[in-house]
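A short write-up of the structure that comes next.
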Amino acid sequence: MTKPRILLVATGGTIASAEDGNGLTPQLTGEQLAGYVPQAAELADIDIVQPMNIDSTNMRPADWQAIGDAILARYEDYDGFVVLHGTDTMAYTAAALSYLIQDSPRPIVLTGSQQPMGSPFTDARINLYQSVLYAADPASHDVAVVFGGKVVAGTRARKQRTMSFNAFTSVNYPELALIRNDRIIRTAPAGTGAIPNGARKDLEPRVYHDLDERVFVLKLTPEVNPSVFELLRRDYEAIILETFGIGGIPDTLHDAIFGWVDSGRTLVVTTQVPEEGLDLGVYEVGRAYAEHPGILKGADMTCEALVAKTMWALGQTRDPKRLRELFYEPINCDRLPEA
Ligand SMILES: NC(=O)C[C@H](N)C(=O)O
């Protein structure tokens, strides 16, 4: 029986890091990392590409595009893809890949580790092994993070812990599967997103290349000077506003916010509360913003997914109506359909 073909896309992160006297930095290549986990080669025929070798702190939107392009250049040649990536910004890259390569019948898995591959108590080996296991399984599809025995949709991941092996959570959405040793326990048997599990692998994904990176996240505190909206005009096209609670915005910011929106720029409203999302209509301090056509509502999406989706949507169109359509269309489980 022929083994599934998996492409390992090595990009750096702690998994590839070693201490050189100045702190951990990525040093191991993808080949060296694969060499630490020979059991993975029993599951699949593995090839390796290395578009970069960086701490994910330095990962920028152009790098998301480079990773996406590395996958797309070889898309037809592999059954699945495993991106080895730093954990710190993995949730952003997973979201970005979810928008750049949509409805992918071939799974694109991101993983990494909290401890370097060479460390005696590392989580790197099992994460790499379980990622190959998941990517090689015919029922897998779309972009997901596999980490600490959990499979999280690429748009729902968040790094929740800086040290524990259980680093990622799935925000406002169930995990897609658990992995115990070498068993995948799917919690979504009927499939998620547009593709049912076991879908035909010959379907084409919807592919995009353009992003507009001029997106800024502004977190409210009890003292935000309205002048910040003026300052942001020079370099940014869109603000993702992390409001209080279910959607509270201080009265002092009212004019500055409508000035931003009425000048044709994009405002996305979300909440800084970690779970359960936004509903602007509940309180008077939010309702004024609820029905304005220029204000996009983040609902239950993660901030990471909002950043990536806004960059992607602005990269496709400047037409406000089309922008809204792109923004509100659920992609890879990123938001529940509008009620
Ligand atoms: N655990 C990690 O991978 C953290 C590292 N700083 C990175 O994101 O590249």
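How things are named: the first chain in the structure tokens is A, the next is B, and so on; residues count from 1 in each chain; ligands count from 1 in the order shown.
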
*Pick out the residues no farther than 10 Å from ligand 1, counting only C-alpha atoms and all ligand atoms, and list them as JSON, numbers by chain.*
{"A": [11, 12, 13, 14, 15, 16, 17, 24, 25, 26, 53, 54, 55, 56, 57, 58, 59, 84, 85, 86, 87, 88, 89, 90, 111, 112, 113, 114, 115, 116, 124, 159, 161, 162, 163, 164, 165, 167]}

Would you export the selected residues with C-alpha atoms as a PDB file, in the first residue's frame, please?
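Below is the file that was written, selection-v4.pdb:
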```pdb
ATOM      1  CA  THR A  11       9.561  27.941   9.301  1.00  0.00           C
ATOM      2  CA  GLY A  12      11.390  28.046  12.665  1.00  0.00           C
ATOM      3  CA  GLY A  13       9.997  28.642  16.163  1.00  0.00           C
ATOM      4  CA  THR A  14      10.988  27.066  19.456  1.00  0.00           C
ATOM      5  CA  ILE A  15      10.682  23.605  17.930  1.00  0.00           C
ATOM      6  CA  ALA A  16      13.742  24.435  15.791  1.00  0.00           C
ATOM      7  CA  SER A  17      15.530  26.498  18.424  1.00  0.00           C
ATOM      8  CA  LEU A  24      16.830  30.617  22.069  1.00  0.00           C
ATOM      9  CA  THR A  25      16.960  31.090  18.288  1.00  0.00           C
ATOM     10  CA  PRO A  26      15.842  28.818  15.451  1.00  0.00           C
ATOM     11  CA  ASN A  53      13.813  29.820   9.771  1.00  0.00           C
ATOM     12  CA  ILE A  54      12.641  32.512  12.198  1.00  0.00           C
ATOM     13  CA  ASP A  55      11.143  33.089  15.624  1.00  0.00           C
ATOM     14  CA  SER A  56       7.453  33.578  14.889  1.00  0.00           C
ATOM     15  CA  THR A  57       7.700  36.942  16.645  1.00  0.00           C
ATOM     16  CA  ASN A  58       9.215  38.135  13.371  1.00  0.00           C
ATOM     17  CA  MET A  59       6.556  36.554  11.161  1.00  0.00           C
ATOM     18  CA  LEU A  84       6.315  23.755  11.663  1.00  0.00           C
ATOM     19  CA  HIS A  85       5.933  27.194  13.231  1.00  0.00           C
ATOM     20  CA  GLY A  86       6.627  29.179  16.393  1.00  0.00           C
ATOM     21  CA  THR A  87       3.721  29.188  18.815  1.00  0.00           C
ATOM     22  CA  ASP A  88       3.665  32.900  19.587  1.00  0.00           C
ATOM     23  CA  THR A  89       2.000  33.984  16.349  1.00  0.00           C
ATOM     24  CA  MET A  90       0.824  30.597  15.116  1.00  0.00           C
ATOM     25  CA  THR A 111       2.274  22.768  14.849  1.00  0.00           C
ATOM     26  CA  GLY A 112       5.290  23.654  16.951  1.00  0.00           C
ATOM     27  CA  SER A 113       6.329  23.190  20.558  1.00  0.00           C
ATOM     28  CA  GLN A 114       6.868  24.902  23.867  1.00  0.00           C
ATOM     29  CA  GLN A 115      10.271  23.223  24.351  1.00  0.00           C
ATOM     30  CA  PRO A 116      12.953  22.836  21.663  1.00  0.00           C
ATOM     31  CA  ALA A 124       8.142  18.691  19.968  1.00  0.00           C
ATOM     32  CA  LYS A 159      -2.130  30.780  22.438  1.00  0.00           C
ATOM     33  CA  ARG A 161      -0.424  29.662  27.985  1.00  0.00           C
ATOM     34  CA  THR A 162       3.202  30.720  27.666  1.00  0.00           C
ATOM     35  CA  MET A 163       4.784  27.571  29.128  1.00  0.00           C
ATOM     36  CA  SER A 164       2.428  24.604  29.427  1.00  0.00           C
ATOM     37  CA  PHE A 165       2.340  21.975  26.706  1.00  0.00           C
ATOM     38  CA  ALA A 167      -0.700  25.961  25.019  1.00  0.00           C
TER      39      ALA A 167
END
```

*Restricting the calculation to only C-alpha atoms, which member of A:Val82, A:Val282, A:Ala40, A:Ile331 is positioned closest to Trp312 (chain A)?*
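Looking at the shortest contact to Trp312 (chain A), the residue is A:Ile331.
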
*Trp64 (chain A) environment, 7 Å, only C-alpha atoms, sequence neighbours closer than 6 positions dropped, as number ranges by chain*: A: 93, 96-97

Those residues you just picked out, can you put them in a file as a PDB file, in the first residue's frame with C-alpha atoms?
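Below is the file result.pdb, written as the result:
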```pdb
ATOM      1  CA  THR A  93      -0.671  32.373  10.544  1.00  0.00           C
ATOM      2  CA  ALA A  96      -4.220  33.813   7.465  1.00  0.00           C
ATOM      3  CA  LEU A  97      -3.766  30.448   5.715  1.00  0.00           C
TER       4      LEU A  97
END
```

*Fewer than 2 positions away in the same chain doesn't count, so skip those; otherwise give me all residues within 9 Å of Gly149 (chain A), counting only C-alpha atoms, as a count of residues only.*
12

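In this model, the gap between CA of Asp77 (chain A) and CA of Ile185 (chain A) comes to 27.1 Å.
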
*Any idea what's packed within 12 Å of Ala41 (chain A), counting only C-alpha atoms, ignoring anything in its chain fewer than 3 positions away? Could you give it as a PyMOL selection string?*
chain A and resi 3-8+31+33-38+44-48+128-130+132-133+136

*Write out as a VMD selection string the residues lying within 9 Å of Asp63 (chain A), counting only C-alpha atoms and excluding same-chain residues fewer than 3 positions away.*
chain A and resid 51 to 52 59 to 60 66 to 68 93

*When you draw a straight line from CA of Pro274 (chain A) to CA of Thr243 (chain A), how long is it in Å?*
11.5 Å

*Mind listing the alpha helix (DSSP H) residues of region 191-323 of chain A, per DSSP on the backbone, as number ranges by chain?*
A: 227-232, 254-262, 284-287, 303-316, 320-323

Would you save the residues from that selection as a short mmCIF file (atom, residue, chain, number, x, y, z; two decimals), in the first residue's frame, using C-alpha atoms?
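Listing of part-v3.cif after writing:
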```cif
data_model
loop_
_atom_site.label_atom_id
_atom_site.label_comp_id
_atom_site.auth_asym_id
_atom_site.auth_seq_id
_atom_site.Cartn_x
_atom_site.Cartn_y
_atom_site.Cartn_z
CA SER A 227 -6.82 61.71 19.01
CA VAL A 228 -5.52 58.19 18.50
CA PHE A 229 -7.94 57.84 15.58
CA GLU A 230 -6.29 60.86 13.91
CA LEU A 231 -2.83 59.42 14.52
CA LEU A 232 -3.76 56.09 12.95
CA HIS A 254 -18.20 58.60 19.55
CA ASP A 255 -17.22 61.46 17.21
CA ALA A 256 -13.72 60.11 16.53
CA ILE A 257 -15.10 56.70 15.58
CA PHE A 258 -17.74 58.07 13.22
CA GLY A 259 -15.11 60.43 11.76
CA TRP A 260 -12.95 57.39 10.99
CA VAL A 261 -15.79 55.43 9.41
CA ASP A 262 -17.26 58.35 7.48
CA GLU A 284 -26.92 52.00 25.04
CA VAL A 285 -23.11 52.39 25.06
CA GLY A 286 -22.94 50.09 22.03
CA ARG A 287 -26.17 50.40 20.14
CA CYS A 303 -8.96 38.83 17.31
CA GLU A 304 -6.31 36.86 15.41
CA ALA A 305 -8.86 35.77 12.82
CA LEU A 306 -10.28 39.29 12.58
CA VAL A 307 -6.82 40.69 11.80
CA ALA A 308 -6.19 38.10 9.09
CA LYS A 309 -9.70 38.27 7.62
CA THR A 310 -9.71 42.06 7.46
CA MET A 311 -6.30 42.04 5.73
CA TRP A 312 -7.55 39.41 3.30
CA ALA A 313 -10.89 41.13 2.58
CA LEU A 314 -9.21 44.55 2.06
CA GLY A 315 -6.70 42.81 -0.20
CA GLN A 316 -9.57 41.70 -2.47
CA PRO A 320 -17.76 48.61 0.95
CA LYS A 321 -20.61 46.31 -0.08
CA ARG A 322 -18.28 43.59 -1.36
CA LEU A 323 -16.07 44.03 1.71
#
```

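Counting only C-alpha atoms and comparing A:Leu28, A:Ala73, A:Met1, A:Leu267, the residue that lies closest to Ile239 (chain A) is A:Leu267.
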
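Of the residues listed (A:Arg106, A:Val49, A:Leu253, A:Tyr99), A:Tyr99 shows the shortest atom-to-atom separation from Phe327 (chain A); distances use only C-alpha atoms.
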
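Across the model, the gap from CA of Arg318 (chain A) to CA of Asp210 (chain A) is 12.6 Å.
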